[in-house]
Each structure stands twice: as structure tokens, then as C-alpha cells.
$ cat start-v2.txt   # compact mmCIF, C-alpha atoms and all ligand atoms
# COMPACT_ATOMS: atom_id res chain seq x y z
CA MET A 219 -36.71 38.48 -50.05
CA ASP A 220 -33.62 37.50 -51.98
CA VAL A 221 -31.36 34.50 -52.12
CA SER A 222 -28.78 36.01 -49.77
CA GLU A 223 -31.22 35.76 -46.85
CA LEU A 224 -31.03 31.97 -47.04
CA ASP A 225 -27.76 32.08 -45.13
CA LEU A 226 -26.50 28.51 -44.78
CA ASP A 227 -23.40 29.51 -42.83
CA ALA A 228 -25.51 31.25 -40.20
CA ALA A 229 -27.78 28.21 -39.90
CA ARG A 230 -24.78 25.86 -39.68
CA GLY A 231 -23.26 27.98 -36.91
CA ALA A 232 -26.47 28.15 -34.87
CA ILE A 233 -27.13 24.42 -35.19
CA ALA A 234 -23.56 23.58 -34.16
CA ALA A 235 -23.91 25.83 -31.11
CA ALA A 236 -27.21 24.29 -29.94
CA THR A 237 -26.78 22.12 -26.83
CA SER A 238 -30.24 20.63 -26.36
CA VAL A 239 -32.96 18.89 -28.31
CA ASP A 240 -35.30 21.76 -27.40
CA ALA A 241 -32.87 24.33 -28.86
CA LEU A 242 -32.68 22.31 -32.09
CA ALA A 243 -36.47 22.14 -32.25
CA ALA A 244 -36.60 25.95 -31.97
CA LEU A 245 -34.07 26.29 -34.78
CA ARG A 246 -36.03 23.85 -36.95
CA LYS A 247 -39.09 26.02 -36.46
CA GLU A 248 -37.15 29.18 -37.26
CA TYR A 249 -35.49 27.87 -40.45
CA VAL A 250 -37.68 25.24 -42.04
CA GLY A 251 -40.87 25.19 -39.93
CA LYS A 252 -44.28 26.58 -40.72
CA GLY A 253 -43.92 30.32 -41.33
CA GLY A 254 -40.15 30.00 -41.00
CA LEU A 255 -37.42 31.41 -43.19
CA ALA A 256 -37.66 28.78 -45.96
CA ALA A 257 -41.45 29.01 -46.02
CA ARG A 258 -41.32 32.76 -46.39
CA ALA A 259 -38.72 32.46 -49.17
CA ARG A 260 -40.99 30.00 -51.00
CA GLU A 261 -43.87 32.47 -50.66
CA ALA A 262 -41.64 35.19 -52.12
CA ILE A 263 -40.95 33.22 -55.31
CA LYS A 264 -44.03 34.62 -57.05
CA THR A 265 -43.02 38.19 -56.19
CA VAL A 266 -39.58 38.16 -57.81
CA ALA A 267 -38.73 38.72 -61.45
CA PRO A 268 -39.72 35.74 -63.63
CA ASP A 269 -36.13 34.93 -64.56
CA GLN A 270 -35.17 34.87 -60.84
CA ARG A 271 -37.94 32.43 -59.86
CA PRO A 272 -36.10 29.19 -60.76
CA VAL A 273 -32.96 30.53 -59.05
CA LEU A 274 -34.81 31.27 -55.80
CA GLY A 275 -36.83 28.01 -56.01
CA LYS A 276 -33.68 25.97 -56.36
CA ALA A 277 -32.01 27.87 -53.51
CA VAL A 278 -34.98 27.24 -51.13
CA THR A 279 -34.98 23.53 -51.88
CA GLU A 280 -31.22 23.32 -51.38
CA TYR A 281 -31.41 25.32 -48.14
CA THR A 282 -34.24 23.20 -46.70
CA LYS A 283 -32.48 19.94 -47.54
CA THR A 284 -29.17 21.03 -46.06
CA VAL A 285 -30.69 22.49 -42.89
CA GLU A 286 -32.83 19.33 -42.33
CA ALA A 287 -29.71 17.18 -42.72
CA LEU A 288 -27.71 19.37 -40.29
CA LEU A 289 -30.56 19.26 -37.75
CA ALA A 290 -30.89 15.45 -38.02
CA GLU A 291 -27.16 15.04 -37.54
CA ALA A 292 -27.12 17.34 -34.51
CA GLU A 293 -30.14 15.56 -32.96
CA ALA A 294 -28.53 12.16 -33.39
CA ALA A 295 -25.37 13.48 -31.71
CA LEU A 296 -27.42 14.67 -28.71
CA GLY A 297 -28.78 11.15 -28.03
CA PRO A 298 -32.28 9.69 -28.12
CA ALA A 299 -35.16 12.09 -28.36
CA ALA A 300 -37.19 12.69 -25.22
CA PRO A 301 -40.35 10.52 -25.19
CA THR A 302 -43.35 12.27 -26.65
CA GLU A 303 -45.86 10.02 -24.75
CA PRO A 304 -46.33 10.63 -21.03
CA PRO A 305 -44.29 7.96 -19.18
CA LEU A 306 -46.08 4.79 -17.95
CA ASP A 307 -46.97 5.26 -14.28
CA LEU A 308 -46.19 1.94 -12.60
CA THR A 309 -47.61 3.17 -9.30
CA LEU A 310 -51.11 3.43 -10.75
CA GLY A 311 -53.71 1.19 -9.04
CA THR A 312 -54.95 -2.17 -10.35
CA HIS A 313 -58.50 -0.94 -10.97
CA GLY A 314 -59.89 -3.36 -8.39
CA ARG A 315 -58.14 -6.48 -9.73
CA ARG A 316 -56.15 -8.34 -7.08
CA ARG A 317 -53.35 -10.74 -7.75
CA GLY A 318 -54.37 -14.38 -7.22
CA HIS A 319 -52.44 -16.96 -5.21
CA LEU A 320 -52.22 -20.70 -4.76
CA ASN A 321 -54.84 -22.59 -2.79
CA LEU A 322 -53.72 -23.39 0.77
CA VAL A 323 -53.57 -27.12 -0.06
CA THR A 324 -51.25 -26.45 -3.02
CA GLN A 325 -49.09 -24.18 -0.87
CA CYS A 326 -48.80 -27.01 1.65
CA GLN A 327 -48.03 -29.56 -1.08
CA ARG A 328 -45.20 -27.39 -2.42
CA GLU A 329 -43.80 -26.90 1.07
CA LEU A 330 -43.80 -30.65 1.77
CA GLU A 331 -42.21 -31.33 -1.63
CA ASP A 332 -39.42 -28.91 -0.70
CA VAL A 333 -38.75 -30.75 2.55
CA PHE A 334 -38.46 -34.11 0.78
CA VAL A 335 -36.44 -32.74 -2.13
CA SER A 336 -33.97 -31.43 0.46
CA LEU A 337 -33.74 -35.02 1.77
CA GLY A 338 -32.83 -36.24 -1.73
CA TYR A 339 -36.29 -37.37 -2.89
CA ARG A 340 -37.83 -36.77 -6.29
CA VAL A 341 -41.43 -35.71 -6.90
CA ALA A 342 -43.45 -38.11 -9.07
CA GLU A 343 -46.94 -37.77 -10.55
CA GLY A 344 -49.33 -40.16 -12.24
CA PRO A 345 -52.85 -40.51 -13.67
CA GLU A 346 -55.94 -39.89 -11.54
CA VAL A 347 -57.98 -42.38 -13.58
CA GLU A 348 -56.34 -45.72 -12.86
CA ASP A 349 -56.76 -49.42 -13.52
CA ASP A 350 -57.40 -52.15 -10.98
CA TRP A 351 -53.83 -53.48 -11.29
CA HIS A 352 -52.05 -50.27 -10.28
CA ASN A 353 -54.56 -49.18 -7.64
CA PHE A 354 -55.16 -52.57 -5.98
CA GLU A 355 -53.80 -55.81 -7.43
CA ALA A 356 -50.07 -54.88 -7.50
CA LEU A 357 -50.44 -53.43 -4.00
CA ASN A 358 -51.40 -56.79 -2.52
CA PHE A 359 -55.15 -56.12 -2.39
CA PRO A 360 -56.49 -59.41 -3.81
CA VAL A 361 -59.96 -59.49 -5.40
CA GLY A 362 -62.54 -59.79 -2.64
CA HIS A 363 -60.16 -58.57 0.06
CA PRO A 364 -62.09 -56.54 2.67
CA ALA A 365 -59.50 -53.74 2.44
CA ARG A 366 -60.79 -53.04 -1.09
CA ALA A 367 -64.30 -52.50 0.18
CA MET A 368 -62.91 -50.13 2.81
CA GLN A 369 -61.66 -47.79 0.11
CA ASP A 370 -65.14 -46.87 -1.20
CA THR A 371 -63.90 -46.88 -4.76
CA LEU A 372 -65.51 -44.71 -7.44
CA TYR A 373 -65.52 -46.75 -10.67
CA VAL A 374 -65.47 -45.29 -14.14
CA ASP A 375 -67.95 -46.72 -16.65
CA LEU A 376 -65.28 -47.84 -19.13
CA GLY A 377 -63.98 -51.25 -20.26
CA GLU A 378 -64.60 -54.35 -18.10
CA PRO A 379 -66.71 -53.75 -14.96
CA GLU A 380 -64.67 -52.57 -11.95
CA GLN A 381 -61.42 -52.31 -13.94
CA VAL A 382 -61.20 -48.55 -14.44
CA LEU A 383 -61.46 -46.30 -11.42
CA LEU A 384 -60.57 -42.96 -9.82
CA ARG A 385 -57.47 -43.67 -7.76
CA THR A 386 -58.29 -44.13 -4.09
CA HIS A 387 -54.73 -43.29 -3.01
CA THR A 388 -51.51 -42.07 -4.64
CA SER A 389 -49.85 -45.51 -4.26
CA PRO A 390 -50.42 -46.46 -7.93
CA VAL A 391 -47.87 -43.76 -8.82
CA GLN A 392 -45.31 -45.69 -6.77
CA VAL A 393 -46.25 -48.92 -8.56
CA ARG A 394 -45.71 -47.19 -11.93
CA LEU A 395 -42.37 -45.82 -10.72
CA MET A 396 -41.14 -49.22 -9.55
CA GLU A 397 -42.32 -50.85 -12.81
CA SER A 398 -40.48 -48.30 -14.92
CA GLN A 399 -37.10 -47.96 -13.20
CA PRO A 400 -34.74 -50.07 -11.11
CA PRO A 401 -33.84 -49.17 -7.50
CA PRO A 402 -32.54 -47.12 -5.79
CA ILE A 403 -35.77 -45.11 -5.65
CA TYR A 404 -36.43 -42.16 -3.35
CA ALA A 405 -39.62 -40.34 -4.31
CA VAL A 406 -42.72 -38.61 -2.99
CA MET A 407 -46.06 -38.65 -4.79
CA PRO A 408 -48.49 -35.85 -4.01
CA GLY A 409 -51.87 -35.59 -5.69
CA ARG A 410 -55.64 -35.71 -5.80
CA THR A 411 -57.45 -38.88 -4.73
CA TYR A 412 -61.10 -39.94 -4.74
CA ARG A 413 -63.38 -42.00 -2.52
CA ASN A 414 -67.12 -42.45 -2.39
CA GLU A 415 -67.27 -41.01 1.11
CA THR A 416 -70.02 -39.18 2.88
CA VAL A 417 -68.73 -35.67 3.43
CA ASP A 418 -68.25 -34.72 7.08
CA ALA A 419 -65.99 -32.35 9.04
CA ARG A 420 -62.83 -34.28 8.14
CA HIS A 421 -63.80 -36.35 5.09
CA SER A 422 -64.35 -35.34 1.50
CA ALA A 423 -64.91 -37.42 -1.65
CA VAL A 424 -62.07 -35.50 -3.29
CA PHE A 425 -58.96 -35.01 -1.21
CA HIS A 426 -55.17 -35.04 -1.50
CA GLN A 427 -52.49 -37.38 -0.33
CA ILE A 428 -48.75 -37.37 -0.29
CA GLU A 429 -46.94 -40.67 -0.15
CA GLY A 430 -43.26 -41.46 0.02
CA LEU A 431 -41.29 -44.48 -1.16
CA ALA A 432 -37.68 -45.51 -0.64
CA VAL A 433 -36.29 -48.69 -2.18
CA ASP A 434 -32.62 -49.58 -1.79
CA ARG A 435 -30.28 -52.25 -0.49
CA GLY A 436 -30.34 -52.62 3.29
CA LEU A 437 -33.11 -50.15 4.23
CA THR A 438 -34.57 -50.86 7.68
CA PHE A 439 -37.50 -49.82 9.84
CA GLY A 440 -35.00 -47.54 11.62
CA ASP A 441 -34.46 -45.61 8.35
CA LEU A 442 -38.23 -45.20 8.08
CA ALA A 443 -38.56 -43.91 11.65
CA GLY A 444 -35.62 -41.51 11.18
CA THR A 445 -36.97 -40.20 7.88
CA LEU A 446 -40.39 -39.48 9.38
CA GLU A 447 -38.82 -37.80 12.42
CA THR A 448 -36.64 -35.63 10.17
CA PHE A 449 -39.61 -34.71 8.04
CA THR A 450 -41.94 -33.83 10.92
CA SER A 451 -39.37 -31.62 12.63
CA ALA A 452 -38.55 -29.91 9.30
CA TYR A 453 -42.22 -29.16 8.69
CA PHE A 454 -43.62 -28.60 12.20
CA GLY A 455 -40.46 -27.48 14.00
CA LYS A 456 -37.88 -29.11 16.27
CA LYS A 457 -40.20 -29.15 19.30
CA VAL A 458 -42.41 -31.75 17.62
CA THR A 459 -41.56 -35.45 17.99
CA SER A 460 -43.10 -38.44 16.23
CA ARG A 461 -44.11 -41.92 17.35
CA LEU A 462 -45.10 -45.15 15.62
CA LEU A 463 -47.84 -47.60 16.68
CA PRO A 464 -48.45 -51.07 15.18
CA SER A 465 -51.07 -51.11 12.43
CA PHE A 466 -52.05 -52.94 9.25
CA PHE A 467 -51.89 -52.10 5.54
CA PRO A 468 -52.04 -54.68 2.74
CA PHE A 469 -48.92 -53.25 1.05
CA THR A 470 -46.59 -52.99 4.05
CA GLU A 471 -45.29 -55.51 6.59
CA PRO A 472 -44.74 -54.56 9.32
CA SER A 473 -47.04 -51.54 9.26
CA ALA A 474 -47.44 -48.60 11.60
CA GLU A 475 -49.49 -45.51 12.24
CA PHE A 476 -47.43 -42.43 12.78
CA ALA A 477 -48.34 -39.54 14.98
CA ILE A 478 -46.73 -36.30 16.09
CA SER A 479 -46.75 -34.77 19.54
CA CYS A 480 -49.67 -32.34 19.66
CA VAL A 481 -48.66 -29.00 18.11
CA PHE A 482 -51.22 -27.17 20.25
CA CYS A 483 -50.38 -28.44 23.75
CA ASP A 484 -46.87 -29.87 23.22
CA GLY A 485 -48.13 -33.29 24.29
CA ALA A 486 -49.84 -32.24 27.51
CA GLY A 487 -53.30 -33.18 26.21
CA CYS A 488 -55.95 -30.80 24.90
CA ARG A 489 -59.21 -30.70 22.95
CA VAL A 490 -57.52 -31.00 19.52
CA CYS A 491 -55.59 -34.19 20.41
CA SER A 492 -58.51 -35.59 22.47
CA LYS A 493 -56.32 -35.38 25.59
CA THR A 494 -53.89 -38.00 24.21
CA GLY A 495 -51.01 -35.58 23.50
CA TRP A 496 -50.65 -37.12 20.02
CA ILE A 497 -52.06 -36.30 16.59
CA GLU A 498 -52.24 -39.08 14.04
CA LEU A 499 -50.85 -38.05 10.67
CA GLY A 500 -50.77 -41.19 8.51
CA GLY A 501 -49.50 -44.69 8.00
CA CYS A 502 -46.26 -46.34 6.99
CA GLY A 503 -44.33 -49.56 6.90
CA MET A 504 -41.80 -51.75 5.13
CA VAL A 505 -42.86 -52.55 1.55
CA ASP A 506 -44.48 -56.01 1.49
CA PRO A 507 -42.40 -58.56 -0.52
CA ASN A 508 -45.55 -59.36 -2.54
CA VAL A 509 -45.55 -55.76 -3.84
CA PHE A 510 -41.92 -56.09 -4.92
CA LEU A 511 -42.73 -59.38 -6.71
CA ALA A 512 -45.66 -57.74 -8.52
CA VAL A 513 -43.44 -54.99 -9.95
CA GLY A 514 -40.42 -57.21 -10.70
CA ILE A 515 -38.08 -56.16 -7.88
CA ASP A 516 -36.23 -58.95 -6.08
CA PRO A 517 -37.27 -58.83 -2.38
CA GLU A 518 -34.15 -60.80 -1.45
CA GLU A 519 -31.94 -58.04 -2.82
CA TYR A 520 -33.92 -54.92 -1.94
CA THR A 521 -35.97 -53.63 0.95
CA GLY A 522 -37.97 -50.45 1.13
CA PHE A 523 -40.26 -48.33 3.22
CA ALA A 524 -43.33 -46.31 2.34
CA PHE A 525 -45.57 -43.83 4.09
CA GLY A 526 -48.66 -41.87 3.29
CA PHE A 527 -50.80 -39.15 4.75
CA GLY A 528 -53.60 -36.79 3.89
CA LEU A 529 -52.44 -33.40 2.66
CA GLU A 530 -55.41 -31.36 3.86
CA ARG A 531 -54.71 -32.45 7.40
CA MET A 532 -51.51 -30.39 7.53
CA PRO A 533 -53.00 -26.94 6.95
CA MET A 534 -56.09 -28.01 8.95
CA LEU A 535 -53.79 -28.53 11.94
CA ARG A 536 -51.60 -25.54 11.28
CA TYR A 537 -54.38 -23.00 10.74
CA GLY A 538 -57.27 -24.70 12.53
CA VAL A 539 -59.34 -25.11 9.35
CA GLU A 540 -62.52 -27.17 9.62
CA PRO A 541 -64.56 -28.62 7.94
CA ILE A 542 -62.34 -30.04 5.18
CA LYS A 543 -64.71 -28.85 2.46
CA THR A 544 -63.70 -25.27 3.30
CA PHE A 545 -60.72 -25.89 1.02
CA PHE A 546 -62.93 -26.65 -1.97
CA ASP A 547 -65.85 -24.27 -1.44
CA ASN A 548 -63.86 -21.38 -2.92
CA ASP A 549 -65.54 -18.91 -0.62
CA ASP A 550 -63.51 -15.76 -1.22
CA ARG A 551 -63.52 -14.87 2.48
CA PHE A 552 -61.50 -18.05 3.10
CA VAL A 553 -59.46 -18.17 -0.09
CA SER A 554 -58.19 -14.59 0.14
CA ARG A 555 -57.12 -15.04 3.76
CA TYR A 556 -54.15 -17.30 3.01
C1 LIG B 1 -52.34 -43.64 5.05
C2 LIG B 1 -51.38 -44.77 4.89
C3 LIG B 1 -49.71 -45.65 3.48
C4 LIG B 1 -48.26 -46.67 1.90
C5 LIG B 1 -49.23 -45.74 2.20
C6 LIG B 1 -47.22 -47.79 0.00
C7 LIG B 1 -47.08 -47.76 -1.37
C8 LIG B 1 -46.44 -48.81 -1.97
C9 LIG B 1 -45.95 -49.84 -1.26
C10 LIG B 1 -46.12 -49.81 0.09
CL1 LIG B 1 -46.29 -48.82 -3.65
N1 LIG B 1 -46.75 -48.79 0.70
N2 LIG B 1 -47.84 -46.74 0.59
C11 LIG B 1 -47.78 -47.49 2.90
C12 LIG B 1 -48.28 -47.38 4.19
C13 LIG B 1 -49.26 -46.45 4.48
O1 LIG B 1 -50.68 -44.70 3.70
O2 LIG B 1 -52.95 -43.55 6.05
N3 LIG B 1 -52.46 -42.80 4.07
C14 LIG B 1 -53.34 -41.68 4.11

$ encode --input "start-v2.txt" --output "C-alpha cells" --more "lines below"
Ligand code: 2NL
Amino acid sequence: MDVSELDLDAARGAIAAATSVDALAALRKEYVGKGGLAARAREAIKTVAPDQRPVLGKAVTEYTKTVEALLAEAEAALGPAAPTEPPLDLTLGTHGRRRGHLNLVTQCQRELEDVFVSLGYRVAEGPEVEDDWHNFEALNFPVGHPARAMQDTLYVDLGEPEQVLLRTHTSPVQVRLMESQPPPIYAVMPGRTYRNETVDARHSAVFHQIEGLAVDRGLTFGDLAGTLETFTSAYFGKKVTSRLLPSFFPFTEPSAEFAISCVFCDGAGCRVCSKTGWIELGGCGMVDPNVFLAVGIDPEEYTGFAFGFGLERMPMLRYGVEPIKTFFDNDDRFVSRY
């Protein structure tokens, strides 16, 4: 082996002619790889005349450096190196894990929110642990009023007796909204509510409501009726109509129950609507002037309407779910179905 075999021009020519990363890798092996030309030349150092050893040693080092640099330059010019790891297979299975989804009640809540947002309403939320003022007093439920007893309130053992409670409806959110901002107000309040109820097919101690509130100049009962009609046909479809019947709530005057034509028999009368052709959804009315006074809104200047209904009832009607506790049991056979 002598110095002339370390032919840099030959290496330069071959590297320049290579057109693939694989070809360059083969050249690297041939010139500077294990057992390659440079390695053999280094081996040969001890076999040449002592005075030639430094000459050959220097030549091998020079050759290796130059060839490595030429290879690196050529590789960079050919673009990124092919991945050395096997590519990630995105079609591989999930190893038994399934993607979760929202509970049916949450799905329904989101859908209703969308309907009201499209009508120009905002979505408002508030605390689930409330005080007597926001849950009752400001809503025209005076102390000792029988309507308070009807709400089966769950009290929290905190502060003065019967002052801190789990909200029995979402109305306190509306009180907080009216206290914190001037009209006009157009908002819906969905959320969890609590009552000390005996659980049966349609009642649960923990349930959800969605309420709506509109406060503006010149709002009438006609606006309320039109809003509910628009909402019910947006959610249940154009075939469904709504009706109002006189009722009573402490916070509205006049008050009404609202019902939709039965989604199962189109109003003809069936088992689900108890042959009446109507399904009651919730209550509504014009905001009582006493409520406006409690939150500092002038009832001479503003009027408003409010409505409320149970959230669970919607998917119960749509999918025929019963009893109500099915929503909260978390039985996977139910949960994974929707
Ligand atoms: C029902 C009936 C209703 C309201 C809720 C309300 C709230 C304020 C003022 C006036 Cl701050 N009204 N909310 C009004 C009428 C009925 O709910 O059956 N809910 C499940």
C-alpha cells in the first residue's frame, strides 16, 4: 500500500456522480468505512519504511477528512436522510381503548345553547352553592311562603341556619346577571340543580335545568310566546307547535306552563302524552315587578320574560329514556349507546 492509492480525485469524481443517499452510503463504506480503503492504509502504516510512516499517516488522515467532508456535502445536497426508524403506523388499533364522549344530557345542553345563541342569547353560569337571597328572596319567595317548601331545599351546614343551600333552580344565575349589568339582557342559564326529592321514574335529587331571560324596553307576552315557538321548532322540528296555559310562579306575572304538540303522535293522543296530544316542557311568564325592584331594575322602564325547563326531559322524550336516573348511573351499556 502506498500513498498514491489514496486517490482523492477518484473519490471526488465518484461522490459527485452519486445520485442517491444509498449510493453515497456505499461510497462511504468503500473509502472510509470499516475495512475500507483508509482503514487498510492505516493498517499498512506499520509495514512501510520507518521514515515513510509519518508521510502515510498524514496522508490517511487528510484523505479521511476530505472524503468525509465531500460525503457530508453531497448528502446535504440530496435532501434529508431517509428515516432510520420504521414509520409510525397511524392505522394501528387502540389496544382496546375507546374514545369517550359527552354524556347525553351535556350533548342536549350544548344543542339547546346553540339554538339560543343563534337567537342572540348569551350563555351564563353561576354557583351551585347559593345563598337564600339569590335562590329565593330576590325571586319574590318571601320567608314562610309555601312555594319555598315546595322546592324541597337541601341546606348546607354553613353560616346562619337556612342561609346557604344547593340551588333548587338556575334562576339565581339570572338574579346575579341582572344585579351585575344593566338591560338589555338576553341570556340562557343551563346547569345542575338540587332538590331533596324521592327518586322515581322522572325525578332525581340532582338534575339539570335551562332557563332563559330577556329584559328590554317594550317586551311583551307575545315576544315570549314567539321565542318559545321559535325555540321548540328549532329543536324538535317545524312539525311541532307549542301552547301556553295559565299557571303560577312567584317570580313571574302572568305565568304560564308551556307544552309542545306530542312528538310521538303529532297531537293525536297516545300513551306518552296521556292521550292529551300535548307534552308539558316547562314554565314561563313575564318577570314580576318585585323581582326587578330586588335587583335594581326600574319596572316602569323595562319589562322582561323568563322561562325554564328540565334538561333531562329533552333527551328522555327524544330517545325514550326512562327512568331519569339512567343518565347518572353510568352503566356503560347506556353511556356508550349515545
Ligand atoms: C319550570 C319553570 C320558570 C322562570 C323559571 C325566572 C327567573 C327570573 C325571573 C323570572 Cl330571575 N323568572 N325563571 C320563570 C318561569 C318559570 O321555570 O318549570 N322550570 C323547570

$ residues_near_ligand --input "start-v2.txt" --ligand "ligand LIG 1 (chain B)" --cutoff "9 Å" --atoms "only C-alpha atoms and all ligand atoms" --output "PyMOL selection string"
chain A and resi 352+356-358+387-396+426-431+466-471+473-476+499-506+509-510+522-529

$ atom_distance --input "start-v2.txt" --atom1 "atom CA of A:Ser460" --atom2 "atom CA of A:Cys480"
9.6 Å

$ closest_atom_pairs --input "start-v2.txt" --of "stretch 313-358 of chain A" --to "stretch 445-452 of chain A" --cutoff "12 Å" --atoms "only C-alpha atoms" --output "CSV"
residue,atom,partner,partner_atom,distance
A:Glu329,CA,A:Ala452,CA,10.2
A:Leu330,CA,A:Phe449,CA,8.6
A:Glu331,CA,A:Phe449,CA,10.6
A:Asp332,CA,A:Ala452,CA,10.1
A:Val333,CA,A:Ala452,CA,6.8
A:Phe334,CA,A:Phe449,CA,7.4
A:Val335,CA,A:Phe449,CA,10.8
A:Ser336,CA,A:Phe449,CA,10.0
A:Leu337,CA,A:Phe449,CA,8.6
A:Gly338,CA,A:Thr445,CA,11.2
A:Tyr339,CA,A:Thr445,CA,11.2

$ closest_residue --input "start-v2.txt" --among "A:Arg271, A:Arg385, A:Lys493, A:Arg420" --to "A:Gly538" --atoms "all atoms listed in the file"
A:Arg420

$ residues_around --input "start-v2.txt" --residues "A:Val250" --least-positions-apart "2" --cutoff "12 Å" --atoms "all atoms listed in the file" --output "NGL selection string"
:A and (224 or 226 or 229 or 242-248 or 252-260 or 278-289)

$ atom_distance --input "start-v2.txt" --atom1 "atom CA of A:Gly231" --atom2 "atom CA of A:Ala292"
11.6 Å

$ atom_distance --input "start-v2.txt" --atom1 "atom CA of A:Asn548" --atom2 "atom CA of A:Pro408"
21.1 Å

$ residues_around --input "start-v2.txt" --residues "stretch 433-438 of chain A" --least-positions-apart "4" --cutoff "7 Å" --atoms "all atoms listed in the file" --output "PyMOL selection string"
chain A and resi 401-404+442+519-523

$ closest_residue --input "start-v2.txt" --among "A:Val513, A:Val406, A:Ala228, A:Leu372" --to "A:Gly344" --atoms "only C-alpha atoms"
A:Val406

$ closest_residue --input "start-v2.txt" --among "A:Ala294, A:Cys326, A:Val424, A:Ala241" --to "A:Lys543" --atoms "all atoms listed in the file"
A:Val424

$ closest_residue --input "start-v2.txt" --among "A:Leu296, A:Pro541, A:Leu511, A:Pro364" --to "A:Ala235" --atoms "only C-alpha atoms"
A:Leu296

$ residues_around --input "start-v2.txt" --residues "A:Tyr556" --least-positions-apart "3" --cutoff "9 Å" --atoms "all atoms listed in the file" --output "MDAnalysis selection string"
chainID A and resid 319:322 552:553

$ closest_residue --input "start-v2.txt" --among "A:Ser222, A:Ala512, A:Met532, A:Val323" --to "A:Glu355" --atoms "all atoms listed in the file"
A:Ala512

$ residues_around --input "start-v2.txt" --residues "A:Ala423" --least-positions-apart "5" --cutoff "6 Å" --atoms "only C-alpha atoms" --output "number ranges by chain"
A: 412-415

$ closest_residue --input "start-v2.txt" --among "A:Gln327, A:Val221, A:Asp227, A:Ser479" --to "A:Gly275" --atoms "all atoms listed in the file"
A:Val221

$ residues_near_point --input "start-v2.txt" --point "(-55.0, -36.0, 13.3)" --cutoff "8 Å" --atoms "all atoms listed in the file" --output "PyMOL selection string"
chain A and resi 477+491+497-499+531+535

$ residues_around --input "start-v2.txt" --residues "A:Gln369" --least-positions-apart "2" --cutoff "7 Å" --atoms "only C-alpha atoms" --output "PyMOL selection string"
chain A and resi 365-367+371+386+413
